[in-house]
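Structure first, commentary second.
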Amino acid sequence: MLAASVGLHAVAAASLAIAPESWPWALGGIALNHVGLTAAGLWPRSRLLGPNITRLPAAAVERRQFALTLDDGPDPDVTPRVLDLLDAHGVRATFFCIAQRAQAAPALLREIVARGHDVQNHSHAHRHTFSLSGPGALRREIEHAQQVLTELSGQRPHCFRAPAGLRNPFLDPVLHRLGLHLVSWTRRGFDTVTADARVVLARLTRDMAAGDIVLLHDGHARRSPGGQPVVLAVLPQLLAHCAQLGLHATTLRAAVPARSVENVS
């Protein structure tokens, strides 16, 4: 898709040089191309802009495993309570952490790892303009997060999740050079916008199966009318449902092989 996009721009430039009167067709073609690239970037589970893990590998499916992932932490209020719930159910999860938040709560990040969980890269600042960044800015943002999370946790992330799942054509080459897998999800509860735990739970558990990657949030957690973070109400019921289905939680570090690092200089 990216090669075709480059080719289209070259053809458009050549047509303008040969026949300037063809500019409406050339401009229209480029505009449609950019619309297509933008749409692909706005679809978090799309593979049109490069590899994107949306389910666990076949070996994990055979083992009846699923991955619970939690984004946007660590949060000093919510994350410790999430950790306690996970301990109570004997479950290991993957935390996609924002590096700036980890710097503000380094002891909490280390506790995540000490309790047997996985820390992965969710950018350094989680800016809403992430998907509008060029290749240089993307690399600086992601590499900075890599350094911070590795130093604080003792684990080098090998997976990356884009803020809000949004990206652009420049992201995949950056992740390739840094040895990072792009990981999205199979099912998402929208627990940062929905205050009703029953609705979030229904979204997550509908047709749930082995190999699913589940997305919840310990950071930016929406709270119920009673003031409780929705994730804390959802987790016990979700984990009980998984147990009834005979599904076993695993981490992305355990289920997804590491990717070689091409160049981090």
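Chain labels run A, B, ... following the order of the structure tokens; each chain numbers its residues from 1, and ligands are numbered from 1 in the order shown.
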
Handout entry: Neighbour list for Arg127 of chain A as an MDAnalysis selection string, cut-off 12 Å, only C-alpha atoms, skip fewer than 2 positions in-chain
Key = chainID A and resid 72 98:100 122:125 129:133 137:138 141:142 162:167

Could you turn the residues from that selection into a file that holds C-alpha atoms, as a PDB file, in the first residue's frame?
```pdb
ATOM      1  CA  ASP A  72      -2.428   4.414  30.325  1.00  0.00           C
ATOM      2  CA  ILE A  98       3.015   5.777  29.613  1.00  0.00           C
ATOM      3  CA  ALA A  99       6.657   6.529  30.384  1.00  0.00           C
ATOM      4  CA  GLN A 100       5.963   9.973  31.874  1.00  0.00           C
ATOM      5  CA  HIS A 122       2.558   2.995  25.291  1.00  0.00           C
ATOM      6  CA  SER A 123       4.624   6.052  24.275  1.00  0.00           C
ATOM      7  CA  HIS A 124       6.356   8.607  26.448  1.00  0.00           C
ATOM      8  CA  ALA A 125       3.703  11.341  26.726  1.00  0.00           C
ATOM      9  CA  THR A 129      -1.238  14.418  18.153  1.00  0.00           C
ATOM     10  CA  PHE A 130       0.852  11.222  18.072  1.00  0.00           C
ATOM     11  CA  SER A 131      -0.623  10.012  14.777  1.00  0.00           C
ATOM     12  CA  LEU A 132       0.198  13.373  13.133  1.00  0.00           C
ATOM     13  CA  SER A 133       3.927  13.087  13.877  1.00  0.00           C
ATOM     14  CA  ALA A 137       9.262  12.691  16.132  1.00  0.00           C
ATOM     15  CA  LEU A 138       7.793   9.185  16.327  1.00  0.00           C
ATOM     16  CA  GLU A 141       8.890   9.605  21.374  1.00  0.00           C
ATOM     17  CA  ILE A 142       8.959   5.814  21.277  1.00  0.00           C
ATOM     18  CA  ALA A 162      -0.179   3.493  19.818  1.00  0.00           C
ATOM     19  CA  PRO A 163      -2.084   6.125  21.825  1.00  0.00           C
ATOM     20  CA  ALA A 164      -5.789   5.483  21.144  1.00  0.00           C
ATOM     21  CA  GLY A 165      -4.613   2.957  18.552  1.00  0.00           C
ATOM     22  CA  LEU A 166      -4.130   5.735  15.970  1.00  0.00           C
ATOM     23  CA  ARG A 167      -1.076   5.835  13.716  1.00  0.00           C
TER      24      ARG A 167
END
```

Handout entry: Non-local contacts of Arg139 of chain A (10 Å; only C-alpha atoms; under 5 positions in same chain excluded) as a list in words
Key =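 My list of contacting residues is Ser133, Gly134, His144, Ala145, Phe170, Leu171, Pro173, Val174, Leu175, Arg177, Leu178 and Val264 of chain A.
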
Exercise for the section: Any chance you could list, as number ranges by chain, the residues in segment 18-257 of chain A that come up strand (DSSP E) when DSSP is run on the backbone? Expected result: A: 65-73, 94-97, 118-121, 159-160, 181-182, 187-188, 213-217, 248-250

What does the file look like for those residues with C-alpha atoms, as an mmCIF file, in the first residue's frame?
```cif
data_model
loop_
_atom_site.group_PDB
_atom_site.id
_atom_site.type_symbol
_atom_site.label_atom_id
_atom_site.label_comp_id
_atom_site.auth_asym_id
_atom_site.auth_seq_id
_atom_site.Cartn_x
_atom_site.Cartn_y
_atom_site.Cartn_z
ATOM 1 C CA GLN A 65 -4.758 -18.612 26.676
ATOM 2 C CA PHE A 66 -5.858 -14.990 26.446
ATOM 3 C CA ALA A 67 -4.007 -11.759 27.242
ATOM 4 C CA LEU A 68 -5.360 -9.110 29.577
ATOM 5 C CA THR A 69 -3.812 -5.731 28.756
ATOM 6 C CA LEU A 70 -4.185 -2.505 30.735
ATOM 7 C CA ASP A 71 -3.347 0.885 29.232
ATOM 8 C CA ASP A 72 -2.428 4.414 30.325
ATOM 9 C CA GLY A 73 -0.945 3.715 33.762
ATOM 10 C CA THR A 94 0.390 -6.854 30.497
ATOM 11 C CA PHE A 95 0.561 -3.145 31.361
ATOM 12 C CA PHE A 96 1.072 -0.761 28.448
ATOM 13 C CA CYS A 97 2.576 2.098 30.431
ATOM 14 C CA ASP A 118 4.584 -7.463 32.018
ATOM 15 C CA VAL A 119 5.459 -3.840 31.162
ATOM 16 C CA GLN A 120 5.217 -2.675 27.547
ATOM 17 C CA ASN A 121 5.533 0.633 25.668
ATOM 18 C CA CYS A 159 5.580 -4.510 22.145
ATOM 19 C CA PHE A 160 4.121 -1.090 21.421
ATOM 20 C CA HIS A 181 5.723 -5.332 17.641
ATOM 21 C CA LEU A 182 2.647 -3.193 17.126
ATOM 22 C CA ARG A 187 -11.888 -6.823 22.155
ATOM 23 C CA ARG A 188 -12.184 -3.455 23.831
ATOM 24 C CA ILE A 213 -6.253 -9.748 23.538
ATOM 25 C CA VAL A 214 -8.456 -7.789 25.936
ATOM 26 C CA LEU A 215 -8.096 -4.030 26.458
ATOM 27 C CA LEU A 216 -8.922 -2.254 29.733
ATOM 28 C CA HIS A 217 -7.415 0.833 31.404
ATOM 29 C CA HIS A 248 -5.906 -18.990 31.118
ATOM 30 C CA ALA A 249 -4.274 -15.569 31.259
ATOM 31 C CA THR A 250 -0.813 -15.029 29.825
#
```

Problem - Point-to-point distance in Å for atom CA of Leu48 of chain A and atom CA of Arg156 of chain A - result: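 Taking atom CA of Arg156 of chain A and atom CA of Leu48 of chain A, their separation equals 27.0 Å.
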
Practice task
Within segment 23-263 of chain A, find each residue whose DSSP state, derived from the backbone, is helix (DSSP H, G or I), and express the selection as a ChimeraX atom specification.
Solution key: /A:23-42,58-62,79-89,99-104,106-114,130-132,135-153,163-165,171-178,197-205,230-244,252-255

Practice task
Measuring atom to atom with only C-alpha atoms, identify which of A:Glu143, A:Val231, A:Ala107, A:Asp218 is nearest to Gly189 of chain A.
Solution key: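 Checking each candidate against Gly189 of chain A, we get A:Val231 as the closest.
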
Fill in the blank from the handout: Between atom CA of Val193 of chain A and atom CA of His220 of chain A lies a distance of 9.4 Å

Practice task
List the neighbours of Val234 of chain A out to 9 Å using only C-alpha atoms; skip same-chain residues closer than 3 positions along the sequence, and give me the result as a list of chain:residue names.
Solution key: A:Ala197, A:Arg198, A:Val200, A:Leu201, A:Val230, A:Val231, A:Gln237, A:Leu238, A:Leu239

Problem - Interatomic distance (Å, one decimal) between atom CA of Trp185 of chain A and atom CA of Leu152 of chain A - result: 25.6 Å

Problem - Which of A:Arg206, A:Arg45, A:His128, A:Arg101 sits closest to Leu245 of chain A [using only C-alpha atoms] - result: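 Once distances to Leu245 of chain A are computed over only C-alpha atoms, the minimum belongs to A:Arg206.
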